[in-house]
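Chemist: If it helps, the file is called protein_24.cif and holds mmCIF, C-alpha atoms (C1' of nucleotides):
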```
data_work
#
loop_
_atom_site.label_atom_id
_atom_site.label_comp_id
_atom_site.auth_asym_id
_atom_site.auth_seq_id
_atom_site.Cartn_x
_atom_site.Cartn_y
_atom_site.Cartn_z
CA MET W 1 39.68 9.20 -19.16
CA ARG W 2 36.23 8.08 -20.15
CA HIS W 3 36.02 6.67 -23.64
CA GLY W 4 33.19 8.79 -24.98
CA ASP W 5 33.45 12.28 -23.61
CA GLY W 6 34.72 14.18 -20.66
CA VAL W 7 31.30 15.47 -19.68
CA GLY W 8 29.71 12.02 -19.78
CA GLY W 9 28.39 12.56 -16.38
CA MET W 10 27.03 11.13 -13.27
CA ARG W 11 26.25 7.52 -12.72
CA ILE W 12 23.28 6.40 -10.76
CA GLY W 13 25.14 5.99 -7.51
CA GLU W 14 26.27 9.57 -7.45
CA LEU W 15 22.86 10.88 -8.40
CA ALA W 16 21.35 8.83 -5.61
CA ARG W 17 23.87 10.15 -3.15
CA ARG W 18 23.43 13.74 -4.21
CA THR W 19 19.66 13.69 -4.17
CA GLY W 20 19.08 11.38 -1.28
CA VAL W 21 16.88 9.22 -3.46
CA SER W 22 17.56 5.51 -3.66
CA GLU W 23 18.89 3.95 -6.83
CA ARG W 24 15.77 1.83 -6.88
CA SER W 25 13.60 4.90 -7.02
CA LEU W 26 15.70 6.54 -9.70
CA ARG W 27 15.27 3.48 -11.89
CA TYR W 28 11.60 3.53 -11.14
CA TYR W 29 11.37 7.16 -12.18
CA GLU W 30 12.98 6.28 -15.45
CA GLN W 31 10.59 3.41 -15.94
CA GLN W 32 7.71 5.81 -15.42
CA GLY W 33 9.14 8.19 -17.96
CA LEU W 34 9.96 10.85 -15.40
CA LEU W 35 13.70 10.80 -15.75
CA ALA W 36 15.69 10.17 -18.89
CA ALA W 37 19.21 8.81 -18.95
CA ARG W 38 21.73 8.25 -21.65
CA ARG W 39 23.41 4.92 -21.61
CA THR W 40 26.99 3.85 -21.64
CA GLU W 41 27.97 1.35 -24.29
CA GLY W 42 27.77 -1.17 -21.51
CA GLY W 43 24.29 -0.10 -20.55
CA HIS W 44 25.08 1.98 -17.48
CA ARG W 45 22.97 5.08 -16.96
CA GLU W 46 24.58 8.48 -17.37
CA TYR W 47 22.92 11.59 -16.08
CA PRO W 48 23.61 15.24 -16.84
CA GLU W 49 24.02 17.72 -14.01
CA ALA W 50 20.48 18.94 -14.54
CA ALA W 51 19.23 15.57 -13.42
CA VAL W 52 19.83 16.57 -9.83
CA ASP W 53 17.37 19.44 -10.03
CA ARG W 54 14.97 17.31 -11.95
CA VAL W 55 14.97 14.60 -9.32
CA VAL W 56 14.46 17.20 -6.63
CA HIS W 57 11.51 18.50 -8.58
CA ILE W 58 10.08 15.04 -8.96
CA GLN W 59 10.44 14.52 -5.26
CA GLU W 60 8.53 17.68 -4.53
CA LEU W 61 5.70 16.55 -6.71
CA PHE W 62 5.67 13.14 -5.09
CA ALA W 63 5.64 14.83 -1.73
CA ALA W 64 2.55 16.67 -2.86
CA GLY W 65 0.88 13.33 -3.21
CA LEU W 66 0.74 13.31 -6.98
CA HIS W 67 0.83 10.03 -8.85
CA SER W 68 3.70 9.30 -11.17
CA ARG W 69 1.28 9.36 -14.07
CA THR W 70 0.29 12.91 -13.18
CA ILE W 71 3.88 13.96 -12.71
CA TYR W 72 4.57 12.48 -16.10
CA LYS W 73 2.08 14.85 -17.62
CA ILE W 74 3.33 17.83 -15.69
CA LEU W 75 7.03 17.55 -16.30
CA PRO W 76 7.12 18.62 -19.94
CA CYS W 77 5.46 21.86 -18.88
CA MET W 78 7.99 22.88 -16.32
CA ARG W 79 10.44 25.66 -16.79
CA ASP W 80 13.85 24.48 -15.81
CA SER W 81 13.41 20.78 -16.45
CA ASP W 82 16.04 20.64 -19.12
CA GLY W 83 16.55 24.29 -19.82
CA SER W 84 13.99 24.31 -22.56
CA PRO W 85 10.76 26.03 -21.58
CA ASN W 86 8.86 23.29 -23.39
CA GLU W 87 5.21 23.03 -24.09
CA VAL W 88 2.26 24.75 -22.57
CA ALA W 89 -0.19 22.48 -20.85
CA THR W 90 -3.55 21.64 -22.29
CA PRO W 91 -6.50 23.25 -20.50
CA LEU W 92 -7.44 19.76 -19.41
CA LEU W 93 -4.15 19.33 -17.61
CA VAL W 94 -4.46 22.73 -15.99
CA GLU W 95 -7.88 21.72 -14.74
CA GLU W 96 -6.48 18.51 -13.36
CA LEU W 97 -3.68 20.35 -11.62
CA THR W 98 -6.12 22.78 -10.11
CA ALA W 99 -8.08 19.84 -8.77
CA GLU W 100 -4.87 18.48 -7.28
CA ARG W 101 -4.24 21.84 -5.70
CA GLU W 102 -7.62 21.75 -4.06
CA ARG W 103 -6.95 18.25 -2.84
CA ILE W 104 -3.74 19.46 -1.26
CA ASP W 105 -5.64 22.30 0.35
CA ARG W 106 -8.09 19.85 1.80
CA THR W 107 -5.30 17.63 3.04
CA ILE W 108 -3.63 20.55 4.74
CA SER W 109 -6.87 21.56 6.43
CA ASP W 110 -7.38 18.00 7.57
CA LEU W 111 -3.90 17.86 8.99
CA LEU W 112 -4.28 21.15 10.80
CA ARG W 113 -7.41 19.82 12.40
CA SER W 114 -5.68 16.53 13.12
CA ARG W 115 -2.91 18.36 14.83
CA GLU W 116 -5.38 20.11 17.07
CA VAL W 117 -6.97 16.82 17.94
CA LEU W 118 -3.60 15.33 18.67
CA ASP W 119 -2.66 18.30 20.80
CA GLU W 120 -5.78 17.80 22.80
CA VAL W 121 -4.98 14.14 23.20
CA ILE W 122 -1.48 14.99 24.34
CA ALA W 123 -2.79 17.52 26.78
CA THR W 124 -5.28 15.07 28.19
CA ALA W 125 -2.75 12.29 28.27
CA SER W 126 -0.16 14.43 29.98
CA GLY W 127 -2.49 14.95 32.87
CA GLN W 128 -4.62 18.02 32.74
CA PRO W 129 -5.95 19.24 36.02
CA PRO W 130 -7.58 22.58 35.15
CA SER W 131 -5.85 23.92 38.22
CA SER W 132 -2.47 25.03 36.98
CA SER W 133 0.33 22.51 36.91
CA GLU W 134 2.92 22.61 34.24
CA ALA W 135 3.99 19.36 32.64
CA ALA W 136 7.67 18.89 32.02
CA MET U 1 -39.76 -5.95 21.25
CA ARG U 2 -36.17 -7.10 21.38
CA HIS U 3 -35.58 -10.14 23.53
CA GLY U 4 -32.89 -8.76 25.79
CA ASP U 5 -33.49 -5.10 26.40
CA GLY U 6 -35.09 -2.10 24.82
CA VAL U 7 -31.87 -0.08 24.66
CA GLY U 8 -29.94 -2.80 22.85
CA GLY U 9 -28.79 -0.36 20.29
CA MET U 10 -27.46 0.24 16.88
CA ARG U 11 -26.47 -2.44 14.50
CA ILE U 12 -23.52 -2.08 12.24
CA GLY U 13 -25.49 -0.86 9.27
CA GLU U 14 -26.84 2.11 11.12
CA LEU U 15 -23.48 2.97 12.62
CA ALA U 16 -21.96 2.85 9.19
CA ARG U 17 -24.63 5.09 7.79
CA ARG U 18 -24.42 7.58 10.61
CA THR U 19 -20.64 7.83 10.57
CA GLY U 20 -20.02 7.48 6.88
CA VAL U 21 -17.58 4.68 7.59
CA SER U 22 -18.00 1.41 5.77
CA GLU U 23 -19.09 -1.70 7.61
CA ARG U 24 -15.87 -3.27 6.51
CA SER U 25 -13.89 -0.59 8.30
CA LEU U 26 -15.99 -0.82 11.44
CA ARG U 27 -15.29 -4.52 11.65
CA TYR U 28 -11.64 -3.80 11.04
CA TYR U 29 -11.62 -1.27 13.87
CA GLU U 30 -13.05 -3.89 16.15
CA GLN U 31 -10.46 -6.38 15.04
CA GLN U 32 -7.77 -3.86 15.90
CA GLY U 33 -9.24 -3.31 19.32
CA LEU U 34 -10.35 0.23 18.57
CA LEU U 35 -14.06 -0.28 18.83
CA ALA U 36 -15.88 -2.66 21.13
CA ALA U 37 -19.28 -4.10 20.46
CA ARG U 38 -21.65 -6.22 22.44
CA ARG U 39 -23.12 -9.12 20.60
CA THR U 40 -26.63 -10.32 20.06
CA GLU U 41 -27.31 -13.92 20.94
CA GLY U 42 -27.07 -14.58 17.27
CA GLY U 43 -23.71 -12.87 17.03
CA HIS U 44 -24.73 -9.56 15.52
CA ARG U 45 -22.89 -6.48 16.75
CA GLU U 46 -24.68 -3.97 18.93
CA TYR U 47 -23.29 -0.52 19.51
CA PRO U 48 -24.19 2.09 22.09
CA GLU U 49 -24.87 5.65 21.03
CA ALA U 50 -21.39 6.68 22.14
CA ALA U 51 -19.95 4.53 19.38
CA VAL U 52 -20.77 7.25 16.87
CA ASP U 53 -18.50 9.74 18.58
CA ARG U 54 -15.89 7.13 19.07
CA VAL U 55 -15.80 6.25 15.40
CA VAL U 56 -15.57 9.91 14.51
CA HIS U 57 -12.64 10.21 16.84
CA ILE U 58 -10.98 7.20 15.35
CA GLN U 59 -11.44 8.69 11.94
CA GLU U 60 -9.77 11.89 13.00
CA LEU U 61 -6.78 10.00 14.24
CA PHE U 62 -6.57 7.97 11.07
CA ALA U 63 -6.78 11.20 9.12
CA ALA U 64 -3.78 12.37 11.08
CA GLY U 65 -1.88 9.48 9.61
CA LEU U 66 -1.61 7.48 12.79
CA HIS U 67 -1.42 3.71 12.62
CA SER U 68 -4.16 1.65 14.19
CA ARG U 69 -1.64 0.36 16.68
CA THR U 70 -0.90 3.90 17.83
CA ILE U 71 -4.58 4.75 17.98
CA TYR U 72 -5.06 1.66 20.04
CA LYS U 73 -2.65 3.02 22.59
CA ILE U 74 -4.17 6.48 22.55
CA LEU U 75 -7.82 5.64 22.90
CA PRO U 76 -7.83 4.62 26.56
CA CYS U 77 -6.42 8.05 27.39
CA MET U 78 -9.12 10.08 25.74
CA ARG U 79 -11.76 11.99 27.58
CA ASP U 80 -15.10 11.26 26.10
CA SER U 81 -14.38 7.84 24.72
CA ASP U 82 -16.89 6.10 26.95
CA GLY U 83 -17.62 8.79 29.44
CA SER U 84 -14.97 7.58 31.79
CA PRO U 85 -11.91 9.82 31.87
CA ASN U 86 -9.75 6.70 31.96
CA GLU U 87 -6.07 6.39 32.44
CA VAL U 88 -3.30 8.87 32.02
CA ALA U 89 -0.77 7.98 29.39
CA THR U 90 2.69 6.73 30.19
CA PRO U 91 5.47 9.19 29.53
CA LEU U 92 6.57 6.88 26.76
CA LEU U 93 3.27 7.26 24.98
CA VAL U 94 3.32 11.02 25.40
CA GLU U 95 6.75 11.04 23.84
CA GLU U 96 5.51 8.97 20.95
CA LEU U 97 2.56 11.26 20.42
CA THR U 98 4.81 14.26 20.45
CA ALA U 99 6.89 12.61 17.77
CA GLU U 100 3.74 12.06 15.76
CA ARG U 101 2.86 15.68 16.19
CA GLU U 102 6.21 16.67 14.81
CA ARG U 103 5.70 14.33 11.91
CA ILE U 104 2.40 16.03 11.17
CA ASP U 105 4.10 19.39 11.36
CA ARG U 106 6.66 18.25 8.87
CA THR U 107 3.99 16.89 6.58
CA ILE U 108 2.13 20.17 6.70
CA SER U 109 5.26 22.09 5.88
CA ASP U 110 5.96 19.76 3.01
CA LEU U 111 2.48 20.21 1.69
CA LEU U 112 2.64 23.97 1.93
CA ARG U 113 5.82 23.89 -0.06
CA SER U 114 4.30 21.39 -2.47
CA ARG U 115 1.38 23.70 -3.02
CA GLU U 116 3.71 26.51 -3.90
CA VAL U 117 5.49 24.30 -6.37
CA LEU U 118 2.21 23.24 -7.86
CA ASP U 119 1.06 26.82 -8.11
CA GLU U 120 4.20 27.66 -9.98
CA VAL U 121 3.61 24.74 -12.30
CA ILE U 122 0.07 25.86 -12.88
CA ALA U 123 1.19 29.39 -13.58
CA THR U 124 3.80 28.19 -16.02
CA ALA U 125 1.43 25.74 -17.61
CA SER U 126 -1.34 28.29 -17.96
CA GLY U 127 0.90 30.31 -20.20
CA GLN U 128 3.65 32.36 -18.70
CA PRO U 129 5.92 32.42 -21.73
CA PRO U 130 7.30 35.93 -22.31
CA SER U 131 6.50 35.43 -25.97
CA SER U 132 2.90 36.49 -25.84
CA SER U 133 0.23 33.95 -26.47
CA GLU U 134 -2.82 34.40 -24.38
CA ALA U 135 -4.48 31.52 -22.65
CA ALA U 136 -8.00 31.73 -21.30
"C1'" DC H 1 44.85 -8.27 -16.84
"C1'" DG H 2 42.67 -9.06 -12.48
"C1'" DG H 3 39.46 -8.15 -9.17
"C1'" DG H 4 36.38 -5.62 -6.41
"C1'" DA H 5 33.14 -1.90 -6.65
"C1'" DA H 6 29.25 -0.39 -9.00
"C1'" DG H 7 25.37 -1.23 -12.37
"C1'" DC H 8 21.93 -3.90 -14.70
"C1'" DT H 9 17.37 -6.53 -15.07
"C1'" DA H 10 13.69 -9.03 -13.23
"C1'" DA H 11 10.94 -10.58 -9.77
"C1'" DC H 12 8.89 -10.68 -5.44
"C1'" DA H 13 7.80 -8.46 -0.80
"C1'" DT H 14 5.97 -4.68 1.97
"C1'" DC H 15 2.70 -1.70 4.37
"C1'" DG H 16 -2.25 -0.74 5.80
"C1'" DA H 17 -6.69 0.51 5.40
"C1'" DT H 18 -10.34 -0.65 2.60
"C1'" DG H 19 -13.09 -3.05 -1.34
"C1'" DT H 20 -15.19 -7.12 -2.63
"C1'" DC H 21 -16.84 -11.69 -3.06
"C1'" DA H 22 -18.59 -16.14 -1.40
"C1'" DG H 23 -21.24 -18.94 1.37
"C1'" DG H 24 -23.75 -19.23 5.43
"C1'" DT H 25 -26.73 -17.40 9.61
"C1'" DT H 26 -29.82 -14.28 11.91
"C1'" DC H 27 -33.42 -11.00 12.30
"C1'" DA H 28 -38.04 -9.43 12.09
"C1'" DG H 29 -42.29 -8.19 9.55
"C1'" DG H 30 -46.22 -10.28 7.43
"C1'" DC O 1 -43.64 -20.28 9.01
"C1'" DC O 2 -41.38 -17.74 5.29
"C1'" DT O 3 -38.76 -14.69 3.18
"C1'" DG O 4 -35.84 -10.91 2.08
"C1'" DA O 5 -32.92 -7.73 4.28
"C1'" DA O 6 -29.20 -7.39 7.24
"C1'" DC O 7 -25.30 -9.52 9.30
"C1'" DC O 8 -21.49 -12.90 10.01
"C1'" DT O 9 -16.64 -14.84 8.95
"C1'" DG O 10 -12.83 -15.51 6.09
"C1'" DA O 11 -10.17 -14.85 2.31
"C1'" DC O 12 -8.25 -12.47 -1.42
"C1'" DA O 13 -7.42 -8.01 -4.12
"C1'" DT O 14 -5.93 -3.24 -4.41
"C1'" DC O 15 -2.87 0.82 -4.84
"C1'" DG O 16 1.99 2.67 -5.42
"C1'" DA O 17 6.34 3.80 -4.27
"C1'" DT O 18 10.06 1.58 -2.41
"C1'" DG O 19 12.97 -2.39 -0.25
"C1'" DT O 20 15.30 -6.48 -1.17
"C1'" DT O 21 17.37 -10.33 -3.31
"C1'" DA O 22 19.54 -13.02 -7.02
"C1'" DG O 23 22.40 -13.65 -10.74
"C1'" DC O 24 24.96 -11.45 -14.06
"C1'" DT O 25 27.76 -7.63 -16.52
"C1'" DT O 26 30.45 -3.57 -16.72
"C1'" DC O 27 33.69 -0.36 -15.15
"C1'" DC O 28 38.12 1.20 -13.90
"C1'" DC O 29 42.16 1.45 -10.69
"C1'" DG O 30 46.33 -0.75 -9.76
#
```
If you convert what's in this file into structure tokens, what do you get?
Modeler:
Amino acid sequence: MRHGDGVGGMRIGELARRTGVSERSLRYYEQQGLLAARRTEGGHREYPEAAVDRVVHIQELFAAGLHSRTIYKILPCMRDSDGSPNEVATPLLVEELTAERERIDRTISDLLRSREVLDEVIATASGQPPSSSEAA
Amino acid sequence: MRHGDGVGGMRIGELARRTGVSERSLRYYEQQGLLAARRTEGGHREYPEAAVDRVVHIQELFAAGLHSRTIYKILPCMRDSDGSPNEVATPLLVEELTAERERIDRTISDLLRSREVLDEVIATASGQPPSSSEAA
DNA sequence: CGGGAAGCTAACATCGATGTCAGGTTCAGG
DNA sequence: CCTGAACCTGACATCGATGTTAGCTTCCCG
């Protein structure tokens, strides 16, 4: 049995495996204040079950193109981060998030257009005699 | 009058201004083989009118997240690059482009999801707590 | 208790387009 | 001819999350 408690929890390897995020990144998240971890007497990180969801959440925000600093500000305002509803964001933060949302909108628009361009390139590249001929 | 010819063309400053791309980037494009330029006797770059469209095209492809190396392979296969329809892509290139297209699709999906997440965060942050406390 | 797996910290590398600076050359109007 | 604007090359910096390595410590099963 573990020395401290039976619910001590996950170590970093398991969290990495279960989230698909590298140990390196998990340590980085902690360094940026995004992910807390208790420590074993020996200094090994111990995560609660909720850490899995939290990491997933962090990943989503990273995928949105947010900077870790921004994520840092957001996290305390999220619902299920630790179970506690936590604080309500300052109007300033809300404004910043709205700006981020608009940035994402713009990025999506750009990508949609990019996809069209790429489709055209593919069509042209595939050989495009206006007289019907299907490409494989 | 210019020494060589009257249609000598744009210098880099004008191209930069007209495309909104920095001179630095234009030189980089040339270095990557994406954008050709004739040279003045003194070594200054001279661009034809078509360069404007070409740069715009390059920008679109960069916006799609393609690497300069990939763009390099694509460009000869584009329609209006120089007026000449040019070559038809190898099947290998078409395959690569299709993969890129799928990558863009994935990115778009991710961003759509990210936007939802962000919207939820914004909603929560703006004040969603069942215990009433109105936010502006 | 022994040893191999798993963790730890710290530091450096990466990728890629673009910014920026320095020091020199060219261009073109007056 | 002179001069200031425009251009040239080359080199180094940036941003930020992540990879990688090195050297050491801790954990835990047998």
Chemist: Which polymer residues have any atom within 8 Å of an atom of Tyr72 (chain U), counting only C-alpha atoms (C1' of nucleotides), with same-chain residues fewer than 2 positions away left out, as a list in words?
Modeler: Gln32, Gly33, Leu34, Ser68, Arg69, Thr70, Ile74, Leu75 and Pro76 of chain U
Chemist: I need the output of the PyMOL selection byres ((chain O) within 8 of (chain U)) for this file as a list in words; which residues are they?
Modeler: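 On this input, the PyMOL selection byres ((chain O) within 8 of (chain U)) captures DA6, DC7 and DC8 of chain O.
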Chemist: For a quick check of understanding, using all atoms listed in the file, which of U:Gly65, U:Gly9, U:Gly127, U:Pro48 has the smallest distance to chain H?
Modeler: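 The closest residue to chain H is U:Gly65.
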Chemist: For the structure shown, which residues end up in the PyMOL selection byres ((chain W and resi 113) around 12)? Put them as number ranges by chain, please?
Modeler: W: 106-112, 114-120; U: 57, 59-64, 101, 104-105, 108
Chemist: Please provide as a PyMOL selection string all residues within 7 Å of region 92-97 of chain W, with the sequence filter that same-chain residues fewer than 2 positions apart are discarded (counting all atoms listed in the file).
Modeler: (chain W and resi 89-90+99-101) or (chain U and resi 122+125-126)
Chemist: Rebuild region 20-47 of chain U so that it carries N, CA and C atoms, then output the result as a tab-separated table (two decimals), keeping the file's coordinate frame.
Modeler:
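Saved to out19.tsv:
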```
chain	number	residue	atom	x	y	z
U	20	GLY	N	-20.61	7.39	8.20
U	20	GLY	CA	-20.02	7.48	6.88
U	20	GLY	C	-18.83	6.55	6.71
U	21	VAL	N	-18.66	5.66	7.66
U	21	VAL	CA	-17.58	4.68	7.59
U	21	VAL	C	-18.16	3.34	7.16
U	22	SER	N	-17.47	2.67	6.29
U	22	SER	CA	-18.00	1.41	5.77
U	22	SER	C	-18.08	0.34	6.86
U	23	GLU	N	-18.98	-0.59	6.66
U	23	GLU	CA	-19.09	-1.70	7.61
U	23	GLU	C	-17.77	-2.45	7.69
U	24	ARG	N	-17.16	-2.59	6.55
U	24	ARG	CA	-15.87	-3.27	6.51
U	24	ARG	C	-14.90	-2.63	7.48
U	25	SER	N	-14.83	-1.31	7.44
U	25	SER	CA	-13.89	-0.59	8.30
U	25	SER	C	-14.27	-0.73	9.76
U	26	LEU	N	-15.55	-0.69	10.05
U	26	LEU	CA	-15.99	-0.82	11.44
U	26	LEU	C	-15.56	-2.18	12.00
U	27	ARG	N	-15.71	-3.19	11.19
U	27	ARG	CA	-15.29	-4.52	11.65
U	27	ARG	C	-13.78	-4.56	11.84
U	28	TYR	N	-13.10	-3.88	10.93
U	28	TYR	CA	-11.64	-3.80	11.04
U	28	TYR	C	-11.24	-3.08	12.33
U	29	TYR	N	-11.92	-2.00	12.64
U	29	TYR	CA	-11.62	-1.27	13.87
U	29	TYR	C	-11.78	-2.19	15.07
U	30	GLU	N	-12.83	-2.97	15.03
U	30	GLU	CA	-13.05	-3.89	16.15
U	30	GLU	C	-11.92	-4.90	16.24
U	31	GLN	N	-11.53	-5.39	15.09
U	31	GLN	CA	-10.46	-6.38	15.04
U	31	GLN	C	-9.16	-5.81	15.61
U	32	GLN	N	-8.97	-4.52	15.42
U	32	GLN	CA	-7.77	-3.86	15.90
U	32	GLN	C	-7.91	-3.39	17.34
U	33	GLY	N	-9.05	-3.68	17.91
U	33	GLY	CA	-9.24	-3.31	19.32
U	33	GLY	C	-9.60	-1.86	19.53
U	34	LEU	N	-10.04	-1.19	18.47
U	34	LEU	CA	-10.35	0.23	18.57
U	34	LEU	C	-11.80	0.49	18.94
U	35	LEU	N	-12.63	-0.50	18.68
U	35	LEU	CA	-14.06	-0.28	18.83
U	35	LEU	C	-14.70	-1.56	19.36
U	36	ALA	N	-15.25	-1.48	20.55
U	36	ALA	CA	-15.88	-2.66	21.13
U	36	ALA	C	-17.33	-2.74	20.74
U	37	ALA	N	-17.88	-3.93	20.77
U	37	ALA	CA	-19.28	-4.10	20.46
U	37	ALA	C	-19.82	-5.29	21.25
U	38	ARG	N	-20.98	-5.08	21.83
U	38	ARG	CA	-21.65	-6.22	22.44
U	38	ARG	C	-22.23	-7.04	21.30
U	39	ARG	N	-22.59	-8.27	21.64
U	39	ARG	CA	-23.12	-9.12	20.60
U	39	ARG	C	-24.53	-9.60	20.94
U	40	THR	N	-25.32	-9.69	19.93
U	40	THR	CA	-26.63	-10.32	20.06
U	40	THR	C	-26.42	-11.81	20.29
U	41	GLU	N	-27.43	-12.48	20.77
U	41	GLU	CA	-27.31	-13.92	20.94
U	41	GLU	C	-26.89	-14.57	19.63
U	42	GLY	N	-27.38	-14.01	18.57
U	42	GLY	CA	-27.07	-14.58	17.27
U	42	GLY	C	-25.72	-14.16	16.73
U	43	GLY	N	-25.04	-13.27	17.45
U	43	GLY	CA	-23.71	-12.87	17.03
U	43	GLY	C	-23.64	-11.53	16.30
U	44	HIS	N	-24.75	-10.86	16.18
U	44	HIS	CA	-24.73	-9.56	15.52
U	44	HIS	C	-24.20	-8.49	16.48
U	45	ARG	N	-23.47	-7.54	15.93
U	45	ARG	CA	-22.89	-6.48	16.75
U	45	ARG	C	-23.95	-5.48	17.20
U	46	GLU	N	-23.79	-5.01	18.42
U	46	GLU	CA	-24.68	-3.97	18.93
U	46	GLU	C	-23.85	-2.86	19.53
U	47	TYR	N	-24.08	-1.65	19.06
U	47	TYR	CA	-23.29	-0.52	19.51
U	47	TYR	C	-24.13	0.44	20.34
```
